[in-house]
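The next block is run02.txt, given as compact mmCIF, C-alpha atoms.
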# COMPACT_ATOMS: atom_id res chain seq x y z
CA MET A 2 64.05 106.65 74.26
CA ALA A 3 65.99 109.56 75.73
CA PHE A 4 64.06 112.55 77.03
CA ASN A 5 65.02 115.40 74.76
CA LEU A 6 63.75 118.77 75.96
CA LYS A 7 62.23 120.82 73.17
CA LEU A 8 64.20 124.06 73.10
CA PRO A 9 63.39 127.35 71.38
CA ALA A 10 64.32 127.15 67.69
CA LEU A 11 67.29 129.49 67.97
CA LEU A 12 68.92 127.45 70.73
CA ALA A 13 68.29 124.22 68.85
CA LYS A 14 69.80 125.76 65.73
CA MET A 15 72.85 126.72 67.79
CA ARG A 16 73.09 122.99 68.61
CA TRP A 17 72.20 123.19 72.28
CA LYS A 18 70.46 120.11 73.67
CA VAL A 19 69.02 119.18 77.04
CA LYS A 20 68.69 115.44 77.61
CA ILE A 21 68.10 112.63 80.03
CA ARG A 22 69.39 109.47 78.37
CA ASP A 23 68.43 105.85 78.97
CA LYS A 24 71.79 105.17 80.56
CA GLU A 25 73.24 107.96 82.68
CA ARG A 26 75.96 107.82 85.29
CA VAL A 27 74.46 106.37 88.46
CA GLU A 28 74.62 109.35 90.75
CA GLU A 29 72.06 111.83 91.86
CA PRO A 30 69.25 112.56 89.40
CA HIS A 31 70.36 115.04 86.77
CA LEU A 32 69.79 116.48 83.33
CA THR A 33 72.58 116.96 80.83
CA ILE A 34 73.10 120.06 78.73
CA ILE A 35 75.08 119.28 75.59
CA HIS A 36 76.68 121.78 73.26
CA LYS A 37 78.94 120.23 70.68
CA THR A 38 81.66 118.36 72.60
CA LYS A 39 80.89 120.07 75.92
CA VAL A 40 78.50 118.81 78.60
CA TRP A 41 77.16 120.17 81.86
CA ARG A 42 75.20 118.03 84.35
CA ILE A 43 72.69 119.74 86.61
CA GLY A 44 71.25 118.00 89.67
CA LEU A 45 67.46 117.76 89.65
CA ARG A 46 67.33 117.79 93.47
CA ASP A 47 69.16 121.03 94.05
CA SER A 48 69.76 122.64 90.60
CA ARG A 49 73.51 122.38 91.26
CA PHE A 50 76.04 122.09 88.43
CA LEU A 51 77.49 118.69 89.32
CA ASP A 52 80.82 119.07 87.52
CA GLY A 53 81.28 122.82 87.68
CA GLY A 54 80.15 125.50 85.28
CA SER A 55 77.27 127.93 85.56
CA TRP A 56 74.41 129.42 83.57
CA LYS A 57 76.82 132.16 82.57
CA ASP A 58 78.42 129.60 80.24
CA MET A 59 75.11 129.24 78.37
CA PRO A 60 73.28 131.48 75.93
CA GLU A 61 70.42 133.66 77.05
CA GLY A 62 67.12 131.80 77.22
CA LEU A 63 68.50 128.36 78.00
CA GLN A 64 68.13 128.64 81.77
CA GLU A 65 64.59 129.94 81.32
CA ALA A 66 63.74 127.07 78.97
CA VAL A 67 65.08 124.49 81.42
CA GLU A 68 63.38 126.05 84.44
CA LYS A 69 60.08 126.32 82.58
CA ASP A 70 60.07 122.55 82.02
CA TRP A 71 61.75 121.57 85.29
CA GLU A 72 58.79 119.49 86.44
CA ALA A 73 58.66 117.65 83.12
CA LEU A 74 62.38 116.90 83.44
CA CYS A 75 61.91 115.58 86.98
CA ALA A 76 58.96 113.47 85.85
CA ALA A 77 61.01 112.11 82.96
CA TRP A 78 63.86 111.16 85.31
CA ASP A 79 61.46 109.42 87.71
CA ARG A 80 59.93 107.50 84.83
CA MET A 81 63.34 106.43 83.53
CA TYR A 82 65.02 105.82 86.90
CA PRO A 83 62.24 104.82 89.34
CA ASN A 84 64.80 103.33 91.76
CA ASN A 85 66.53 106.69 92.15
CA PRO A 86 63.69 109.21 92.16
CA VAL A 87 64.22 112.96 92.38
CA GLN A 88 62.49 113.14 95.76
CA GLY A 89 64.59 110.25 97.10
CA ASN A 90 63.48 106.83 98.31
CA ASP A 91 64.05 106.99 102.01
CA ASP A 92 66.02 109.38 104.05
CA ASN A 93 69.67 108.66 103.32
CA SER A 94 69.37 105.09 104.49
CA ASP A 95 72.75 104.12 103.05
CA ASP A 96 74.73 106.42 105.28
CA GLN A 97 72.42 106.20 108.26
CA ASN A 98 73.09 102.49 108.46
CA THR A 99 76.88 102.63 108.50
CA MET B 11 93.43 115.78 78.20
CA THR B 12 94.88 114.47 74.94
CA LYS B 13 97.16 116.30 72.59
CA THR B 14 95.47 117.00 69.27
CA PRO B 15 97.11 115.46 66.18
CA ASP B 16 99.90 117.60 64.78
CA LYS B 17 98.93 116.41 61.28
CA LEU B 18 95.82 114.70 60.00
CA PHE B 19 95.93 112.88 56.68
CA LEU B 20 92.56 112.06 55.16
CA PHE B 21 91.79 109.45 52.53
CA GLY B 22 88.22 110.30 51.49
CA ASN B 23 85.81 113.23 51.67
CA GLY B 24 85.23 115.81 54.38
CA ILE B 25 88.45 117.82 54.42
CA LYS B 26 86.59 121.13 54.81
CA TRP B 27 85.10 120.04 58.15
CA LEU B 28 88.48 119.01 59.50
CA VAL B 29 90.08 122.31 58.48
CA ARG B 30 87.09 124.27 59.82
CA ALA B 31 87.58 122.57 63.21
CA GLY B 32 91.13 123.92 63.24
CA LEU B 33 92.86 120.64 62.50
CA PRO B 34 96.04 120.65 60.42
CA ALA B 35 94.39 118.36 57.88
CA ALA B 36 95.42 117.46 54.36
CA ARG B 37 93.70 115.26 51.82
CA VAL B 38 95.76 112.41 50.48
CA LEU B 39 95.01 111.24 46.98
CA GLY B 40 97.32 109.22 44.78
CA ARG B 41 100.84 107.84 45.16
CA ARG B 42 102.67 111.16 45.06
CA SER B 43 100.64 112.70 47.85
CA ILE B 44 100.96 109.54 49.98
CA VAL B 45 104.74 109.72 49.67
CA GLN B 46 104.68 113.41 50.57
CA ALA B 47 102.43 112.76 53.59
CA LEU B 48 104.67 109.94 54.80
CA GLY B 49 107.56 112.40 54.69
CA GLU B 50 105.64 114.81 56.94
CA ALA B 51 104.26 112.22 59.37
CA SER B 52 105.25 112.07 63.03
CA PRO B 53 104.19 109.85 65.98
CA SER B 54 101.47 112.44 66.77
CA ALA B 55 99.97 112.28 63.28
CA LEU B 56 96.59 110.71 62.57
CA TRP B 57 95.67 108.92 59.35
CA LEU B 58 91.97 108.63 58.64
CA ALA B 59 90.81 106.38 55.81
CA THR B 60 87.14 106.61 54.93
CA GLN B 61 87.44 105.25 51.41
CA PRO B 62 87.86 101.56 50.58
CA GLY B 63 91.31 100.45 49.43
CA ALA B 64 93.11 103.45 50.94
CA THR B 65 94.98 101.37 53.50
CA GLU B 66 96.38 99.13 50.76
CA GLU B 67 97.85 102.12 48.93
CA LEU B 68 99.19 103.49 52.19
CA LEU B 69 100.79 100.18 53.19
CA HIS B 70 102.33 99.81 49.75
CA GLU B 71 104.26 103.06 50.22
CA ALA B 72 104.84 103.01 53.99
CA ILE B 73 106.54 99.63 53.99
CA ARG B 74 109.15 101.02 51.61
CA LEU B 75 110.30 103.67 54.06
CA PRO B 76 113.69 103.29 55.75
CA SER B 77 113.24 101.27 58.96
CA ARG B 78 114.03 104.24 61.27
CA ARG B 79 111.06 106.17 59.75
CA ARG B 80 108.63 103.29 59.82
CA SER B 81 107.91 103.45 63.54
CA ARG B 82 107.12 107.16 63.55
CA LEU B 83 104.01 107.38 61.40
CA GLY B 84 101.28 108.00 64.01
CA GLY B 85 97.86 106.40 64.36
CA LEU B 86 95.59 105.00 61.66
CA LEU B 87 91.81 104.68 61.73
CA THR B 88 90.18 102.93 58.80
CA LEU B 89 86.45 102.51 58.45
CA HIS B 90 86.87 99.48 56.22
CA THR B 91 88.17 95.99 56.78
CA PRO B 92 91.72 95.69 55.43
CA ARG B 93 92.85 92.54 53.61
CA THR B 94 93.74 89.90 56.19
CA GLU B 95 97.36 89.87 54.97
CA SER B 96 97.64 93.64 55.45
CA ILE B 97 96.48 93.76 59.06
CA GLN B 98 99.74 92.73 60.74
CA PRO B 99 102.04 95.01 58.70
CA LEU B 100 99.66 97.95 59.20
CA ASP B 101 99.65 97.18 62.92
CA ASP B 102 103.46 97.22 62.89
CA LEU B 103 103.57 100.55 61.09
CA PHE B 104 100.82 102.54 62.80
CA GLU B 105 100.31 102.99 66.52
CA PRO B 106 97.47 102.83 67.36
CA PHE B 107 95.88 101.04 64.40
CA VAL B 108 92.09 100.81 64.52
CA TRP B 109 90.07 98.87 62.00
CA SER B 110 86.77 97.12 61.99
CA ALA B 111 86.03 93.50 61.26
CA GLY B 112 82.39 94.35 60.86
CA ASP B 113 80.15 97.24 60.16
CA PHE B 114 81.98 100.23 61.57
CA ARG B 115 79.72 103.13 62.59
CA ILE B 116 81.21 106.56 63.00
CA LEU B 117 80.16 110.09 63.87
CA PRO B 118 79.16 112.35 60.99
CA ILE B 119 82.33 113.97 59.62
CA ALA B 120 81.45 117.47 60.92
CA GLU B 121 81.12 116.11 64.48
CA LEU B 122 84.15 113.85 64.09
CA ALA B 123 86.26 116.86 63.16
CA GLU B 124 85.21 118.77 66.29
CA VAL B 125 85.96 115.76 68.49
CA LEU B 126 89.41 115.18 67.01
CA ALA B 127 90.24 118.85 67.61
CA ASP B 128 89.07 118.71 71.24
CA PRO B 129 91.57 118.17 74.08
CA ARG B 130 88.90 115.97 75.75
CA ARG B 131 88.71 113.69 72.74
CA GLY B 132 89.80 110.67 74.79
CA ASP B 133 86.51 110.92 76.73
CA LEU B 134 84.32 110.97 73.61
CA PHE B 135 83.38 108.09 71.33
CA ILE B 136 83.95 108.61 67.62
CA GLY B 137 82.77 105.21 66.42
CA GLY B 138 82.62 101.52 66.96
CA TYR B 139 81.11 98.22 65.98
CA ALA B 140 78.94 95.56 67.54
CA ASP B 141 79.70 91.84 67.58
CA LEU B 142 76.24 90.39 67.98
CA ASP B 143 77.48 86.78 68.17
CA ASN B 144 79.70 87.50 71.16
CA GLU B 145 77.40 90.22 72.52
CA THR B 146 80.23 92.70 72.60
CA LEU B 147 80.43 96.35 71.68
CA THR B 148 83.79 97.83 70.70
CA LEU B 149 83.92 101.59 71.08
CA VAL B 150 86.66 103.84 69.73
CA ARG B 151 87.56 106.99 71.62
CA GLY B 152 88.70 110.23 70.01
CA ASP B 153 92.33 109.38 70.78
CA LEU B 154 91.80 105.99 69.07
CA ARG B 155 91.91 104.00 72.29
CA ARG B 156 89.44 101.13 72.16
CA LEU B 157 87.04 100.01 74.82
CA SER B 158 85.20 96.70 74.55
CA VAL B 159 82.14 96.26 76.72
CA PRO B 160 79.49 93.54 77.04
CA LEU B 161 76.10 94.37 75.59
CA SER B 162 74.69 93.49 79.01
CA MET B 163 75.94 96.93 80.07
CA PHE B 164 72.86 98.31 78.33
CA PRO B 165 69.92 96.61 80.04
CA PRO B 166 66.34 97.62 79.22
CA SER B 167 65.45 100.83 80.95
CA PRO B 168 62.66 100.73 83.58
CA ALA B 169 60.67 102.83 81.13
CA GLY B 170 60.78 99.84 78.77
CA GLU B 171 63.34 101.04 76.22
CA THR B 172 65.56 98.21 74.97
CA SER B 173 68.93 98.59 73.30
CA ASP B 174 69.32 97.48 69.71
CA PRO B 175 73.04 97.02 68.94
CA ALA B 176 72.23 96.25 65.30
CA ARG B 177 71.32 99.95 65.01
CA LEU B 178 74.50 101.26 66.62
CA GLY B 179 75.20 104.94 66.10
CA PHE B 180 77.04 107.90 67.63
CA THR B 181 75.74 111.41 68.20
CA ASP B 182 76.07 114.56 70.33
CA TYR B 183 79.70 114.97 69.24
CA GLY B 184 80.71 111.68 70.78
CA ASN B 185 78.85 112.26 74.05
CA THR B 186 76.12 109.71 73.27
CA VAL B 187 76.11 106.11 72.03
CA GLN B 188 72.91 105.13 70.26
CA LEU B 189 71.64 101.56 70.24
CA GLY B 190 68.50 102.04 68.21
CA ASP B 191 66.23 104.39 70.15
CA TYR B 192 68.19 103.67 73.34
CA GLU B 193 70.81 106.29 74.24
CA ALA B 194 73.74 105.87 76.61
CA ALA B 195 75.86 108.73 77.94
CA ALA B 196 79.53 108.30 77.00
CA ASP B 197 80.61 109.27 80.51
CA ALA B 198 78.31 106.60 81.98
CA VAL B 199 79.95 103.94 79.80
CA LEU B 200 83.46 105.16 80.62
CA TYR B 201 82.67 105.44 84.32
CA GLU B 202 81.49 101.85 84.41
CA ALA B 203 84.05 100.25 82.11
CA ASP B 204 87.27 102.21 82.52
CA PRO B 205 88.91 102.29 85.97
CA GLY B 206 91.39 104.87 84.66
CA TYR B 207 88.52 107.23 83.84
CA ARG B 208 87.08 106.79 87.33
CA SER B 209 90.44 107.54 88.96
CA GLN B 210 90.85 110.59 86.75
CA LEU B 211 87.44 111.92 87.84
CA LEU B 212 88.17 111.27 91.49
CA ALA B 213 91.53 113.03 91.22
CA LYS B 214 89.86 116.01 89.52
CA ARG B 215 87.25 116.24 92.26
CA ARG B 216 89.91 116.04 94.93
CA LYS B 217 91.97 118.69 93.17
CA GLU B 218 89.00 121.00 92.89
CA ASN B 219 88.22 120.10 96.48
CA LYS B 220 84.69 121.32 96.02
CA THR B 221 82.84 118.15 96.86
CA PHE B 222 80.31 118.12 99.66
CA GLY B 223 82.67 115.99 101.72
CA ALA B 224 85.55 118.42 101.33
CA CYS B 225 83.32 121.38 102.25
CA LEU B 226 81.94 119.55 105.27
CA ARG B 227 85.43 118.69 106.47
CA ARG B 228 86.63 122.28 106.12
CA LEU B 229 83.59 123.62 107.95
CA ARG B 230 83.79 121.00 110.74
CA MET B 231 87.40 121.88 111.35
CA GLN B 232 86.58 125.58 111.37
CA ARG B 233 84.02 124.85 114.07
CA GLY B 234 86.55 122.80 116.01
CA LEU B 235 84.38 119.69 115.96
CA ARG B 236 85.40 116.04 115.82
CA GLN B 237 83.72 113.50 113.54
CA ALA B 238 82.22 111.98 116.67
CA ASP B 239 80.51 115.26 117.62
CA PHE B 240 77.43 114.86 115.41
CA GLY B 241 74.99 113.35 117.88
CA GLY B 242 72.83 110.79 116.11
CA LEU B 243 75.34 110.32 113.28
CA SER B 244 78.28 108.07 113.95
CA ALA B 245 81.88 109.19 113.41
CA LYS B 246 82.15 106.48 110.77
CA THR B 247 79.21 107.96 108.85
CA ILE B 248 80.68 111.47 108.98
CA ALA B 249 84.03 110.07 107.82
CA ARG B 250 82.39 108.35 104.85
CA ILE B 251 80.53 111.52 103.90
CA GLU B 252 83.75 113.53 104.11
CA ARG B 253 85.48 111.04 101.83
CA ASP B 254 82.56 111.38 99.38
CA GLU B 255 81.91 107.67 99.65
CA THR B 256 78.16 108.26 99.95
CA GLU B 257 75.69 110.28 97.94
CA MET B 258 75.33 113.83 99.11
CA PRO B 259 73.34 113.69 102.35
CA ARG B 260 69.81 115.00 102.23
CA GLY B 261 66.69 115.18 104.35
CA GLN B 262 67.12 114.62 108.08
CA THR B 263 70.80 113.68 107.76
CA LEU B 264 71.65 116.93 106.01
CA LYS B 265 69.55 118.90 108.47
CA ALA B 266 71.27 117.28 111.48
CA ILE B 267 74.71 118.07 110.06
CA ALA B 268 73.73 121.67 109.29
CA VAL B 269 72.23 122.23 112.76
CA ARG B 270 75.42 120.95 114.42
CA LEU B 271 77.52 123.24 112.24
CA ASP B 272 75.17 126.16 112.80
CA VAL B 273 74.57 126.86 109.10
CA GLU B 274 71.71 126.44 106.66
CA PRO B 275 71.95 123.13 104.78
CA GLU B 276 72.50 124.85 101.42
CA GLU B 277 75.39 126.89 102.85
CA ILE B 278 77.65 123.90 103.49
CA LEU B 279 78.75 123.68 99.86
CA SER B 280 79.95 127.28 99.95
CA TYR B 281 82.70 126.52 102.47

Just dump the structure as structure tokens.
Amino acid sequence: MAFNLKLPALLAKMRWKVKIRDKERVEEPHLTIIHKTKVWRIGLRDSRFLDGGSWKDMPEGLQEAVEKDWEALCAAWDRMYPNNPVQGNDDNSDDQNT
Amino acid sequence: MTKTPDKLFLFGNGIKWLVRAGLPAARVLGRRSIVQALGEASPSALWLATQPGATEELLHEAIRLPSRRRSRLGGLLTLHTPRTESIQPLDDLFEPFVWSAGDFRILPIAELAEVLADPRRGDLFIGGYADLDNETLTLVRGDLRRLSVPLSMFPPSPAGETSDPARLGFTDYGNTVQLGDYEAAADAVLYEADPGYRSQLLAKRRKENKTFGACLRRLRMQRGLRQADFGGLSAKTIARIERDETEMPRGQTLKAIAVRLDVEPEEILSY
């Protein structure tokens, strides 16, 4: 089952969602913010917007809600993707070995 | 980006959602309005049939058009299985023509309307059906392109969630495919199954030139360094990082690169 962050009622009513789904693109650990047809992916390692965008694109309170539950989001990712944990497996072994 | 339909003809309910989403939608009901709609249709039009039997009425009138008009009717999506004899003529008349041989699942009409009005609609899934015998899932994108994928693309998650294609559904305005309680991101499916989508993403990243690799390359050149000038990291490794062929470096690798460039690790992406 996808991890669906519980958001304040107003944000949920405005149809904002924050999710980690059972099948996400295999890249660095991330959460996905969904609002209607739009999506923003935010890296759980460095809080970076992976495909562009910024918190300025979001309503007030969403960043706070995400940051408040950041650890729960990281824990959810690690539970769902244990082979690609937020803290990393080993230190960049794939590019060290090339 | 996909051009939104210049006309949307609906057989069935939900017209208010389509209009609210800004689509030039009209409800088609009865022979007279079908004839009128056929007169207004263009190759960029979209016909959406949510009520049974609609495609039969449509075919009955469309096939009577002069031949020069018959190839300019736009795309047709029907949520029902047409009569076997009607499938080929409908396929000749409408491009693309999407129909389901099984139980077609589709987004709720309010979400469907938003997707159809979105320039990114080709990257969102509006519906689809599962063939359990052949273990295949056919997904329909907002621009009516189809994508068939094996059900093996949705293995059980390490957390123990298994996909249930018999409970196929679509949500999050086409951004999520549901297989029971299991959810798959649309972009994950496209990334894995559509080489065109992958190329498009790569081209976008290159155009934006804001990847870690691009920033590293710019900064290295500013510093007048060669790829071979990174001590414990080989030139080949630096080249791969600059081409974004690896994950973003972290830990000791990132630190070593930053030290050589005389910046803090988090600063590299700002170049």

Practice task
Give as a ChimeraX atom specification every residue of chain B that touches chain A within 9 Å, counting all atoms listed in the file.
Solution key: /B:121,124-125,128,130-131,134,164-172,182-186,190-199,201-202,215,243-244,246-248,250-251,256-264,276

Problem - One-decimal distance in Å that lies between atom CA of Arg42 of chain A and atom CA of Trp56 of chain A - result: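 That distance, rounded to one decimal, is 11.4 Å.
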
Problem - Test item: residues at most 7 Å from segment 103-120 of chain B, all atoms listed in the file, excluding those fewer than 6 positions along its chain, as a VMD selection string - result: chain B and resid 24 27 80 to 81 83 to 91 136 to 139 154 178 to 181

Problem - Separation of atom CA of Ile97 of chain B from atom CA of Glu50 of chain B, in Å and rounded to one decimal - result: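 Distance reported for this atom pair: 23.1 Å.
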
Handout entry: Distance of atom CA of Arg79 of chain B from atom CA of Val38 of chain B, expressed in Å to one decimal place
Key =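 Spanning atom CA of Val38 of chain B to atom CA of Arg79 of chain B is a straight-line distance of 18.9 Å.
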
Problem - Ala59 of chain B surroundings by all atoms listed in the file, 7 Å radius, close-in-sequence under 2 positions cut, as a ChimeraX atom specification - result: /B:20-22,57,61,64-65,87-89

Go ahead and write the residues just picked, C-alpha atoms, as a PDB file, in the frame of the given file.
ATOM      1  CA  LEU B  20      92.560 112.060  55.160  1.00  0.00           C
ATOM      2  CA  PHE B  21      91.790 109.450  52.530  1.00  0.00           C
ATOM      3  CA  GLY B  22      88.220 110.300  51.490  1.00  0.00           C
ATOM      4  CA  TRP B  57      95.670 108.920  59.350  1.00  0.00           C
ATOM      5  CA  GLN B  61      87.440 105.250  51.410  1.00  0.00           C
ATOM      6  CA  ALA B  64      93.110 103.450  50.940  1.00  0.00           C
ATOM      7  CA  THR B  65      94.980 101.370  53.500  1.00  0.00           C
ATOM      8  CA  LEU B  87      91.810 104.680  61.730  1.00  0.00           C
ATOM      9  CA  THR B  88      90.180 102.930  58.800  1.00  0.00           C
ATOM     10  CA  LEU B  89      86.450 102.510  58.450  1.00  0.00           C
TER      11      LEU B  89
END

Problem - Counting all atoms listed in the file, the option among B:Ala127, B:Arg93, B:Val150, B:Ser173 closest to Leu28 of chain B - result: B:Ala127

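Using all atoms listed in the file, the nearest neighbour of Pro30 of chain A within the list A:Val67, A:Met15, A:Val87, A:Leu6 is A:Val87.
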
Completion exercise
Restricting to all atoms listed in the file, whichever of B:Arg156, B:Leu48, B:Leu100, B:Phe19 is closest to Glu66 of chain B is B:Leu100
